[in-house]
4 protein chains.
Amino acid sequence: MKRGFASDNNAGIHDEILSEIASANSGHVTGYGSDVYTEKALKLFKEHLGPSTETYFVFTGTAANVLGLSSILRSWNSVITASTAHLEQDECGAPEKFTGCKVLTVETPDGKIDVSLLDKHMHGFDFEHHSQPRVISITQSTEMGTVYSAAEIRKIADFAHSKGMLLHMDGARIANAAVALNMPFKSFTTDAGVDVLSFGGTKNGMMFGEAICFLKPGLSTDFKYMRKQGMQLACKMRFISAQYIAYFRDELWKKSASHSNDMAKILEKKLEPIMGIKITQKVQSNGVFVIMPYDVAERVRKQFFFYPWDEKVSEYRLMTSWDTTEADIEGFVNLLVKELKK
Amino acid sequence: MKRGFASDNNAGIHDEILSEIASANSGHVTGYGSDVYTEKALKLFKEHLGPSTETYFVFTGTAANVLGLSSILRSWNSVITASTAHLEQDECGAPEKFTGCKVLTVETPDGKIDVSLLDKHMHGFDFEHHSQPRVISITQSTEMGTVYSAAEIRKIADFAHSKGMLLHMDGARIANAAVALNMPFKSFTTDAGVDVLSFGGTKNGMMFGEAICFLKPGLSTDFKYMRKQGMQLACKMRFISAQYIAYFRDELWKKSASHSNDMAKILEKKLEPIMGIKITQKVQSNGVFVIMPYDVAERVRKQFFFYPWDEKVSEYRLMTSWDTTEADIEGFVNLLVKELKK
Amino acid sequence: MKRGFASDNNAGIHDEILSEIASANSGHVTGYGSDVYTEKALKLFKEHLGPSTETYFVFTGTAANVLGLSSILRSWNSVITASTAHLEQDECGAPEKFTGCKVLTVETPDGKIDVSLLDKHMHGFDFEHHSQPRVISITQSTEMGTVYSAAEIRKIADFAHSKGMLLHMDGARIANAAVALNMPFKSFTTDAGVDVLSFGGTKNGMMFGEAICFLKPGLSTDFKYMRKQGMQLACKMRFISAQYIAYFRDELWKKSASHSNDMAKILEKKLEPIMGIKITQKVQSNGVFVIMPYDVAERVRKQFFFYPWDEKVSEYRLMTSWDTTEADIEGFVNLLVKELKK
Amino acid sequence: MKRGFASDNNAGIHDEILSEIASANSGHVTGYGSDVYTEKALKLFKEHLGPSTETYFVFTGTAANVLGLSSILRSWNSVITASTAHLEQDECGAPEKFTGCKVLTVETPDGKIDVSLLDKHMHGFDFEHHSQPRVISITQSTEMGTVYSAAEIRKIADFAHSKGMLLHMDGARIANAAVALNMPFKSFTTDAGVDVLSFGGTKNGMMFGEAICFLKPGLSTDFKYMRKQGMQLACKMRFISAQYIAYFRDELWKKSASHSNDMAKILEKKLEPIMGIKITQKVQSNGVFVIMPYDVAERVRKQFFFYPWDEKVSEYRLMTSWDTTEADIEGFVNLLVKELKK
């Protein structure tokens, strides 16, 4: 299979994670999470996110978002998010189907929500005809590769809390954000006022398994039933837990995400001077968004796979991953330059 | 962790399956199932279940049942199953939540449905006040370790089809049934009239990942959206597919399930002559159900873990698995005899 | 249209109720319940059921049951009811669809639940694989026309509360029960431990509109959103409220239900001595259940309409209503006797 | 209660409609729609909308929209509507809760959708990660009182059909639109390509009861179960049907809606010349939208009730109804002028 920049989930499993799975594969353990690996992994989340953190593992990023939200929403609530958010664009209506809630959106060119954008949905409180706004959901790092500062997050959290609302973070790429900010996870989540967090690992070298982290007490009452009813209770849960144990050990997460972010920076640097290529978003994590001629893109994609982002303006998304090499970038850029000259 | 007879999912991953995952962990592949491993795995299912078979992978047995059913049910339908069925007892209402349907039950001491039991739910057709009966769901092998013959299945299928209904099979332990029947999968599924099948692997040595097999054309239209909206679309799907490749290669499934069933037979043989122990179900696959004195069970469970089945009559469930050893059985039976004498 | 004993809802609107609608039809009032008629009607419910009663009007009995239950259930809960209950047999799965919950049943020949029957569902508490039992739902008077005594209700309520569960009553025919018991509504609802009540009026002379009564504080938080989202918020609500005003004035409800119950008694008395007719349930409210020869029933039904109840044993249901006349009964019985002689 | 311009549903029941209810209130008829009144009413809908029309009565406008849509949507679909649409703003998430679908919106100042606005949602077809666009829903007349021409509707219908999508119309105020267009209903619904129609009556003098009209064959298969499961099957349905019989007889609907529209025109004419008042939308049906000083509005509202529309710009909505009088308008305008001078 050809390599490319299609998605950070096209890469495989980091060796240290696969080894840890093998290590955990010995003898019998109780299913569904009553095992020493899970106990250890859950403790690690408390260390990284604060002692009040209650963590539940699920299988997919969609499930992490939907189930995490379901714990803090009732069906007559609405959740407000960027129009580019995964939960609006890429979950096939799973939030609506599972929670019964309305997803409201705001338009934001860089994928980041600003408090000023939220105003248009701040009405109808206590009015039974209208879905009650209850949660703001932000993505860190965003679908455009941009990154919220801790202060920006704090501002949204304060706004949410001032309205009796909660702040949810889709952290499918949270490691890339942590590296970008050069901060521990806790500083821009728990400490910045986030209430519920989807903490992803699959896009940064895990095989599968995402974590839903309730960062404050009282948010996950009865959540064990929601996870089971949501069809996300892993029977051999030790093999998700083991992955997170490896992920946190010796900051594997940081090494992988740093590499990935670095590769994006290199890619950006090489693309920037090329005539006919326009970079459309700040490169803050592991995505590079570029406009290039359609026919050039088509020809390059035959060798290095990547996806169109906005076909109307011939914009493309280039994602780097923990296993992207400088040779990948070299090869890609060389081909691109060649094709541009045709 | 102490070994025991708690559940076949307390065992780990078969080495050949873990090796196959490692083999598939090379380079980039497209996510969500557009990869060569998945292509190969799906082909294997066609070989085992017939060329019309359309297979979709999901993460859990609950998801396999619920999503498979959702493809052939609308919310005003009902599904009829044994009162002991996993989908009635052990899925926390996931079928009702996701499909909106009514689950109706029949009482059956050995977990097997007989057509005569279904009669009480065969009414209200075309009457808008009443949930419309649409699917019969059987479990093979059953929660009690009993096994339907192909003829028994055919009879239920014919009955279902004569009523305009469909037959679903929960095959979380289908390999154990196949070994018990000494038949290829196809003979007691597709060829016996089953319409939709949950084909399990996790209880027989896989890490995770179950298959939903639509055995006849036209049953899975739009199913890809249901799986995604059901939060069950695996991003790195190659690692489910790889497991099934190993599972079918050289009949690994059969070796594992044969071993498991054999261990149950040995266990049965050793328990049968013991005074104070009563075996309550036919031992046809990998479960042995026994009544034993409560205090004895409590003491034995400290060393060999297993679960109560019906506390009112002091009945317990003993499950063997692909990694159960004769030494496990020896140790357990010796302890049991010793405790019975106290 | 021929008259008959098909259902108490085949009768029309009591004149006093229709007059009250006309009286309320004057000028403008705010929609959705902020009007003087609704204010007055809600107060009447507090008078009849106790000062903590919070009442919400909806359109149908199914909606009253489903929405009332939805306020005290989360999707991972189960509700236990008689297998003959309206919410199990006659709501087309609306409870499952709207609440996501599992409906569990007990078999009871006279439609009345006894605590001893509930035992089989009292397990799996706190076990995330299992729907959590949360509500017991009884019907007063039952679908078989039988009536719970206040003491019987109290016993079920105490049982429910001892398990951390709640008691729901489907009172589609509550007026008939009140008359049968010769008790005020409060004595066998609020005072007997009922938590949530569907208080019906349509089967006793109203045009449409049922009431959901939350009998204890704290059970209806956010319920206004559930009703609206459940599509049951009446725009011109004054016309439901006006009906209840008339219904309670001068005990119209009692006069109508007394008449209806009396007619059932007369019908019973006339049927009892007839050879070939067997009365199968105690006649305690406004239903008479009889076994009669199939061909006789078919011939009589051409002139007096009524429904089969259990076709296997040729059992039929005869419902009397607020407008049943002695002449109706006379005519029906005469024809029946004539047909039996053929 | 003070009169006003709050909503056309603050008015009561037209006398001819109430009389018809009384006429239908005689003797027994079968419940749930198997009666002569319903038969006649359904026939009238075929006469007005075309012979393929299949009509089902429900209780509320929200139910008409949600259930009508549910018949043509699966949960992984999306429905696109104006951001001001009732189904987006005023149904408390009922569409999402009941259908599981995503509601997507377009911004349009006058409440009318233009095909060019739809483009942004026309992507992701056949892509399982994305909710599949399936229905466009327009409101006629719109929440802003504007009216689509038949040609405008045809253009949207053609666009929808060209994409394999369907066109839904929320006709809560369809009579006002018909009068505005001076066209029979059929010309701008069935003949203009509309597939499913919510045909309202409550806002034009009925007591309750809305109609869902499937205008083409094959769209309402199994719909009877959806209505029942949606808790919208009226037991004494004759009293909805009777209202529609009166509504269509001698064009009562047209008289009422004409009056209402005429009153809006008069109101517009009187407001237009007033300094300090700005009319913000074309007055095409029975709504007049005006900007006026906040404090003036507050004072006038004490005597003539009406609602703010957009508080940020001090915009108010004035609705006329079938029972609005010229004296109402006179009084209101006089007071307004007086208050403006203060």
# chains A, B, ... in the order shown; residues from 1 in each chain; ligands from 1
$ residues_around --residues "Thr99 of chain D" --least-positions-apart "5" --cutoff "10 Å" --atoms "only C-alpha atoms" --output "CSV table (one decimal) with N, CA, C and O atoms, in the first residue's frame"
chain,number,residue,atom,x,y,z
A,96,GLU,N,-27.4,12.8,17.2
A,96,GLU,CA,-28.8,13.0,17.2
A,96,GLU,C,-29.5,11.6,17.5
A,96,GLU,O,-30.4,11.6,18.3
A,97,LYS,N,-29.1,10.6,16.8
A,97,LYS,CA,-29.7,9.3,17.0
A,97,LYS,C,-29.6,8.8,18.4
A,97,LYS,O,-30.6,8.3,19.0
A,100,GLY,N,-30.8,12.1,20.9
A,100,GLY,CA,-32.1,12.8,20.6
A,100,GLY,C,-31.9,14.3,20.6
A,100,GLY,O,-32.9,15.1,20.4
D,66,VAL,N,-43.1,16.2,12.3
D,66,VAL,CA,-42.2,15.1,12.7
D,66,VAL,C,-42.6,13.8,12.1
D,66,VAL,O,-41.7,13.0,11.6
D,67,LEU,N,-43.8,13.5,12.2
D,67,LEU,CA,-44.3,12.1,11.7
D,67,LEU,C,-44.3,12.1,10.2
D,67,LEU,O,-43.9,11.1,9.6
D,69,LEU,N,-42.3,13.7,8.3
D,69,LEU,CA,-40.9,13.5,7.9
D,69,LEU,C,-40.4,12.1,8.2
D,69,LEU,O,-39.6,11.5,7.5
D,70,SER,N,-40.8,11.6,9.4
D,70,SER,CA,-40.3,10.2,9.8
D,70,SER,C,-40.6,9.2,8.7
D,70,SER,O,-39.9,8.2,8.6
D,71,SER,N,-41.7,9.4,8.0
D,71,SER,CA,-42.1,8.4,7.0
D,71,SER,C,-41.1,8.4,5.8
D,71,SER,O,-41.1,7.4,5.0
D,72,ILE,N,-40.4,9.5,5.6
D,72,ILE,CA,-39.6,9.6,4.4
D,72,ILE,C,-38.1,9.7,4.8
D,72,ILE,O,-37.2,10.0,3.9
D,73,LEU,N,-37.8,9.5,6.0
D,73,LEU,CA,-36.4,9.7,6.5
D,73,LEU,C,-36.0,8.4,7.2
D,73,LEU,O,-36.8,7.7,7.9
D,74,ARG,N,-34.8,8.0,7.1
D,74,ARG,CA,-34.2,7.0,8.1
D,74,ARG,C,-33.2,7.8,8.9
D,74,ARG,O,-32.8,8.9,8.6
D,75,SER,N,-32.8,7.2,10.0
D,75,SER,CA,-32.1,8.0,11.0
D,75,SER,C,-30.8,8.6,10.5
D,75,SER,O,-30.3,9.6,11.1
D,76,TRP,N,-30.2,8.0,9.5
D,76,TRP,CA,-28.9,8.5,9.0
D,76,TRP,C,-29.1,9.6,7.9
D,76,TRP,O,-28.1,10.0,7.3
D,77,ASN,N,-30.3,10.0,7.7
D,77,ASN,CA,-30.6,11.1,6.8
D,77,ASN,C,-30.5,12.4,7.4
D,77,ASN,O,-30.5,12.5,8.7
D,78,SER,N,-30.4,13.5,6.6
D,78,SER,CA,-30.6,14.8,7.1
D,78,SER,C,-31.7,15.5,6.4
D,78,SER,O,-32.1,15.1,5.2
D,94,ALA,N,-37.9,17.8,18.8
D,94,ALA,CA,-38.8,16.6,18.5
D,94,ALA,C,-38.3,15.9,17.2
D,94,ALA,O,-38.3,14.7,17.1
$ closest_atom_pairs --of "chain A" --to "chain D" --cutoff "12 Å" --atoms "only C-alpha atoms" --output "Markdown table"
| residue | atom | partner | partner_atom | distance |
| --- | --- | --- | --- | --- |
| A:Thr62 | CA | D:His129 | CA | 10.0 |
| A:Arg74 | CA | D:Lys97 | CA | 10.2 |
| A:Ser75 | CA | D:Lys97 | CA | 6.5 |
| A:Trp76 | CA | D:Gly93 | CA | 5.8 |
| A:Asn77 | CA | D:Gly93 | CA | 7.6 |
| A:Ser78 | CA | D:Gly93 | CA | 8.0 |
| A:Val79 | CA | D:Gly93 | CA | 11.3 |
| A:Ser83 | CA | D:Leu104 | CA | 10.3 |
| A:Thr84 | CA | D:His130 | CA | 11.9 |
| A:Ala85 | CA | D:His130 | CA | 11.8 |
| A:His86 | CA | D:His129 | CA | 9.4 |
| A:Leu87 | CA | D:His130 | CA | 9.8 |
| A:Glu88 | CA | D:His130 | CA | 8.6 |
| A:Gln89 | CA | D:His130 | CA | 5.9 |
| A:Asp90 | CA | D:His129 | CA | 4.7 |
| A:Glu91 | CA | D:His129 | CA | 5.4 |
| A:Cys92 | CA | D:Ser131 | CA | 4.1 |
| A:Gly93 | CA | D:Ser131 | CA | 5.6 |
| A:Ala94 | CA | D:Trp76 | CA | 7.9 |
| A:Pro95 | CA | D:Gly100 | CA | 8.5 |
| A:Glu96 | CA | D:Gly100 | CA | 5.2 |
| A:Lys97 | CA | D:Gly100 | CA | 3.9 |
| A:Phe98 | CA | D:Gly100 | CA | 7.4 |
| A:Thr99 | CA | D:Lys97 | CA | 7.5 |
| A:Gly100 | CA | D:Lys97 | CA | 3.9 |
| A:Cys101 | CA | D:Gly93 | CA | 6.1 |
| A:Lys102 | CA | D:Gly93 | CA | 5.7 |
| A:Val103 | CA | D:Lys102 | CA | 7.8 |
| A:Leu104 | CA | D:Leu104 | CA | 8.8 |
| A:Thr105 | CA | D:Leu104 | CA | 9.3 |
| A:Val106 | CA | D:Thr105 | CA | 11.2 |
| A:Glu107 | CA | D:Glu107 | CA | 11.7 |
| A:Asp119 | CA | D:Lys312 | CA | 10.8 |
| A:Lys120 | CA | D:Lys312 | CA | 10.2 |
| A:His121 | CA | D:Gln89 | CA | 10.3 |
| A:Met122 | CA | D:Lys312 | CA | 11.8 |
| A:His123 | CA | D:Glu311 | CA | 10.0 |
| A:Gly124 | CA | D:Gln89 | CA | 9.0 |
| A:Phe125 | CA | D:Cys92 | CA | 11.1 |
| A:Asp126 | CA | D:Cys92 | CA | 11.0 |
| A:Phe127 | CA | D:Cys92 | CA | 8.9 |
| A:Glu128 | CA | D:Cys92 | CA | 6.6 |
| A:His129 | CA | D:Asp90 | CA | 4.7 |
| A:His130 | CA | D:Cys92 | CA | 4.3 |
| A:Ser131 | CA | D:Cys92 | CA | 4.2 |
| A:Gln132 | CA | D:Cys92 | CA | 7.6 |
| A:Pro133 | CA | D:Cys92 | CA | 10.5 |
| A:Trp309 | CA | D:His123 | CA | 11.4 |
| A:Asp310 | CA | D:His123 | CA | 10.2 |
| A:Glu311 | CA | D:His123 | CA | 10.0 |
| A:Lys312 | CA | D:Lys120 | CA | 10.2 |
$ write_last_selection --atoms "C-alpha atoms" --output "mmCIF file, in the first residue's frame"
data_model
loop_
_atom_site.group_PDB
_atom_site.id
_atom_site.type_symbol
_atom_site.label_atom_id
_atom_site.label_comp_id
_atom_site.auth_asym_id
_atom_site.auth_seq_id
_atom_site.Cartn_x
_atom_site.Cartn_y
_atom_site.Cartn_z
ATOM 1 C CA THR A 62 -17.454 8.867 17.491
ATOM 2 C CA ARG A 74 -31.042 15.182 27.922
ATOM 3 C CA SER A 75 -32.872 14.840 24.631
ATOM 4 C CA TRP A 76 -34.397 18.317 24.785
ATOM 5 C CA ASN A 77 -30.977 19.948 25.010
ATOM 6 C CA SER A 78 -28.803 21.292 22.247
ATOM 7 C CA VAL A 79 -25.055 21.142 21.825
ATOM 8 C CA SER A 83 -19.807 23.624 11.596
ATOM 9 C CA THR A 84 -16.612 21.757 10.737
ATOM 10 C CA ALA A 85 -16.653 19.646 13.897
ATOM 11 C CA HIS A 86 -16.427 15.886 13.655
ATOM 12 C CA LEU A 87 -19.664 15.534 15.555
ATOM 13 C CA GLU A 88 -21.465 17.672 12.979
ATOM 14 C CA GLN A 89 -19.838 16.465 9.783
ATOM 15 C CA ASP A 90 -18.449 13.007 10.296
ATOM 16 C CA GLU A 91 -20.571 10.996 12.682
ATOM 17 C CA CYS A 92 -23.512 10.266 10.355
ATOM 18 C CA GLY A 93 -25.968 11.712 12.829
ATOM 19 C CA ALA A 94 -24.868 9.459 15.700
ATOM 20 C CA PRO A 95 -25.197 12.321 18.215
ATOM 21 C CA GLU A 96 -28.812 12.966 17.184
ATOM 22 C CA LYS A 97 -29.687 9.286 16.993
ATOM 23 C CA PHE A 98 -28.247 8.353 20.363
ATOM 24 C CA THR A 99 -28.981 11.484 22.390
ATOM 25 C CA GLY A 100 -32.054 12.825 20.575
ATOM 26 C CA CYS A 101 -30.501 16.281 20.870
ATOM 27 C CA LYS A 102 -30.154 19.079 18.413
ATOM 28 C CA VAL A 103 -26.655 19.941 17.210
ATOM 29 C CA LEU A 104 -26.332 23.657 16.492
ATOM 30 C CA THR A 105 -23.392 25.073 14.610
ATOM 31 C CA VAL A 106 -21.385 28.223 14.234
ATOM 32 C CA GLU A 107 -19.333 29.114 11.181
ATOM 33 C CA ASP A 119 -24.462 34.582 20.784
ATOM 34 C CA LYS A 120 -26.874 33.652 18.031
ATOM 35 C CA HIS A 121 -27.789 30.442 19.836
ATOM 36 C CA MET A 122 -28.113 31.978 23.308
ATOM 37 C CA HIS A 123 -31.879 32.312 23.387
ATOM 38 C CA GLY A 124 -34.964 30.350 24.233
ATOM 39 C CA PHE A 125 -33.751 29.405 27.696
ATOM 40 C CA ASP A 126 -36.612 28.044 29.803
ATOM 41 C CA PHE A 127 -38.932 28.201 26.769
ATOM 42 C CA GLU A 128 -40.367 24.735 26.239
ATOM 43 C CA HIS A 129 -40.733 25.143 22.476
ATOM 44 C CA HIS A 130 -37.013 25.508 22.053
ATOM 45 C CA SER A 131 -34.198 22.984 22.536
ATOM 46 C CA GLN A 132 -32.351 24.088 25.639
ATOM 47 C CA PRO A 133 -28.678 24.993 25.005
ATOM 48 C CA TRP A 309 -11.064 19.248 1.910
ATOM 49 C CA ASP A 310 -13.049 21.794 -0.047
ATOM 50 C CA GLU A 311 -13.445 20.752 -3.644
ATOM 51 C CA LYS A 312 -14.957 24.063 -4.636
#
$ closest_atom_pairs --of "segment 232-268 of chain C" --to "segment 16-30 of chain C" --cutoff "6 Å" --atoms "only C-alpha atoms" --output "tab-separated table"
residue	atom	partner	partner_atom	distance
C:Phe239	CA	C:Ile21	CA	5.7
C:Ala242	CA	C:Ile21	CA	5.7
C:Gln243	CA	C:Ile17	CA	5.3
C:Ala246	CA	C:Ile17	CA	5.5
$ write_last_selection --atoms "N, CA, C and O atoms" --output "short mmCIF file (atom, residue, chain, number, x, y, z; two decimals), in the first residue's frame"
data_model
loop_
_atom_site.label_atom_id
_atom_site.label_comp_id
_atom_site.auth_asym_id
_atom_site.auth_seq_id
_atom_site.Cartn_x
_atom_site.Cartn_y
_atom_site.Cartn_z
N PHE C 239 -59.12 23.98 25.56
CA PHE C 239 -60.21 23.06 25.25
C PHE C 239 -60.00 21.66 25.83
O PHE C 239 -60.92 20.85 25.83
N ALA C 242 -61.01 22.86 29.73
CA ALA C 242 -62.45 23.06 29.93
C ALA C 242 -63.15 21.72 30.13
O ALA C 242 -64.07 21.61 30.96
N GLN C 243 -62.73 20.73 29.41
CA GLN C 243 -63.35 19.41 29.56
C GLN C 243 -63.17 18.88 30.98
O GLN C 243 -64.10 18.33 31.58
N ALA C 246 -65.49 20.61 33.43
CA ALA C 246 -66.84 20.03 33.41
C ALA C 246 -66.85 18.64 34.04
O ALA C 246 -67.80 18.25 34.71
#
$ residues_around --residues "Thr190 of chain B" --least-positions-apart "5" --cutoff "10 Å" --atoms "only C-alpha atoms" --output "compact mmCIF listing (two decimals) with C-alpha atoms, in the first residue's frame"
# COMPACT_ATOMS: atom_id res chain seq x y z
CA HIS B 48 -17.81 -20.16 4.83
CA LEU B 49 -21.37 -18.90 4.63
CA GLY B 50 -22.20 -18.68 0.95
CA SER B 52 -24.55 -13.97 -1.01
CA THR B 53 -23.11 -13.25 2.40
CA ARG B 154 -34.76 -25.05 9.64
CA PHE B 185 -21.03 -23.12 9.48
CA ASP B 195 -31.28 -14.59 7.51
CA VAL B 196 -28.92 -12.58 9.69
CA LEU B 197 -26.12 -13.90 11.85
CA CYS B 213 -23.37 -11.57 8.34
CA PHE B 214 -26.37 -10.88 6.13
CA LEU B 215 -26.91 -14.25 4.52
CA LYS B 216 -29.39 -13.27 1.84
$ residues_around --residues "Lys341 of chain B" --least-positions-apart "3" --cutoff "12 Å" --atoms "only C-alpha atoms" --output "CSV table (one decimal) with all heavy atoms, in the first residue's frame"
chain,number,residue,atom,x,y,z
B,274,ILE,N,-19.9,-37.1,41.2
B,274,ILE,CA,-19.7,-36.6,42.6
B,274,ILE,C,-21.1,-36.4,43.3
B,274,ILE,O,-22.0,-35.7,42.7
B,274,ILE,CB,-19.0,-35.2,42.5
B,274,ILE,CG1,-17.6,-35.4,41.8
B,274,ILE,CG2,-18.9,-34.6,43.8
B,274,ILE,CD1,-16.9,-34.1,41.5
B,275,MET,N,-21.2,-36.9,44.4
B,275,MET,CA,-22.4,-36.7,45.3
B,275,MET,C,-22.5,-35.3,45.7
B,275,MET,O,-21.6,-34.6,46.1
B,275,MET,CB,-22.2,-37.5,46.6
B,275,MET,CG,-22.4,-39.0,46.4
B,275,MET,SD,-24.1,-39.5,46.1
B,275,MET,CE,-24.8,-39.0,47.7
B,276,GLY,N,-23.7,-34.7,45.5
B,276,GLY,CA,-23.9,-33.3,45.9
B,276,GLY,C,-23.8,-32.4,44.8
B,276,GLY,O,-24.1,-31.2,44.9
B,293,PRO,N,-23.9,-27.0,46.6
B,293,PRO,CA,-24.3,-26.3,47.8
B,293,PRO,C,-23.6,-24.9,47.8
B,293,PRO,O,-22.5,-24.7,47.4
B,293,PRO,CB,-23.7,-27.1,49.0
B,293,PRO,CG,-23.6,-28.5,48.4
B,293,PRO,CD,-23.3,-28.3,46.9
B,295,ASP,N,-22.5,-22.8,50.1
B,295,ASP,CA,-21.3,-22.5,50.9
B,295,ASP,C,-20.1,-23.2,50.2
B,295,ASP,O,-19.0,-22.7,50.2
B,295,ASP,CB,-21.5,-23.0,52.3
B,295,ASP,CG,-21.8,-24.4,52.5
B,295,ASP,OD1,-22.6,-24.9,51.6
B,295,ASP,OD2,-21.3,-25.1,53.4
B,296,VAL,N,-20.3,-24.4,49.7
B,296,VAL,CA,-19.2,-25.0,48.9
B,296,VAL,C,-18.8,-24.1,47.8
B,296,VAL,O,-17.6,-23.9,47.6
B,296,VAL,CB,-19.7,-26.4,48.4
B,296,VAL,CG1,-18.6,-27.0,47.5
B,296,VAL,CG2,-19.9,-27.3,49.6
B,334,ASN,N,-10.8,-31.4,42.3
B,334,ASN,CA,-10.2,-31.8,43.6
B,334,ASN,C,-10.6,-30.9,44.7
B,334,ASN,O,-11.0,-31.4,45.8
B,334,ASN,CB,-8.7,-31.8,43.5
B,334,ASN,CG,-8.2,-33.0,42.6
B,334,ASN,OD1,-9.0,-33.9,42.3
B,334,ASN,ND2,-6.9,-33.0,42.2
B,335,LEU,N,-10.5,-29.6,44.5
B,335,LEU,CA,-10.9,-28.7,45.5
B,335,LEU,C,-12.4,-28.8,45.8
B,335,LEU,O,-12.8,-28.8,47.0
B,335,LEU,CB,-10.6,-27.2,45.0
B,335,LEU,CG,-11.0,-26.1,46.0
B,335,LEU,CD1,-10.3,-26.3,47.4
B,335,LEU,CD2,-10.7,-24.7,45.4
B,336,LEU,N,-13.2,-29.0,44.8
B,336,LEU,CA,-14.6,-29.1,45.0
B,336,LEU,C,-15.0,-30.3,45.9
B,336,LEU,O,-15.7,-30.2,46.8
B,336,LEU,CB,-15.3,-29.2,43.6
B,336,LEU,CG,-16.8,-29.4,43.6
B,336,LEU,CD1,-17.5,-28.2,44.2
B,336,LEU,CD2,-17.3,-29.6,42.1
B,337,VAL,N,-14.3,-31.4,45.6
B,337,VAL,CA,-14.6,-32.7,46.3
B,337,VAL,C,-14.1,-32.4,47.8
B,337,VAL,O,-14.9,-32.8,48.7
B,337,VAL,CB,-13.8,-33.8,45.7
B,337,VAL,CG1,-13.8,-35.0,46.6
B,337,VAL,CG2,-14.4,-34.2,44.3
B,338,LYS,N,-13.0,-31.8,47.9
B,338,LYS,CA,-12.5,-31.5,49.3
B,338,LYS,C,-13.5,-30.7,50.1
B,338,LYS,O,-13.8,-30.9,51.2
B,338,LYS,CB,-11.2,-30.8,49.2
B,338,LYS,CG,-10.3,-31.0,50.4
B,338,LYS,CD,-9.0,-30.3,50.3
B,338,LYS,CE,-9.1,-28.8,50.7
B,338,LYS,NZ,-7.9,-28.0,50.5
$ residues_around --residues "Ile240 of chain C" --least-positions-apart "3" --cutoff "10 Å" --atoms "only C-alpha atoms" --output "list in words"
Ile17, Ile21, Gly33, Tyr37, Thr38, Ala41, Phe57, Val58, Phe59, Met206, Met207, Phe208, Gly209, Glu210, Ala211, Ala234, Lys236, Met237, Gln243, Tyr244 and Ile245 of chain C
$ residues_around --residues "segment 281-289 of chain A" --least-positions-apart "3" --cutoff "7 Å" --atoms "only C-alpha atoms" --output "number ranges by chain"
A: 110, 141, 144-147, 176-177, 180, 260-261, 264-265, 268, 315-320
$ select_by_dssp --residues "segment 150-187 of chain D" --states "strand (DSSP E or B)" --output "number ranges by chain"
D: 166-171
$ residues_around --residues "Cys235 of chain D" --least-positions-apart "4" --cutoff "7 Å" --atoms "only C-alpha atoms" --output "PyMOL selection string"
(chain C and resi 9) or (chain D and resi 31-32)
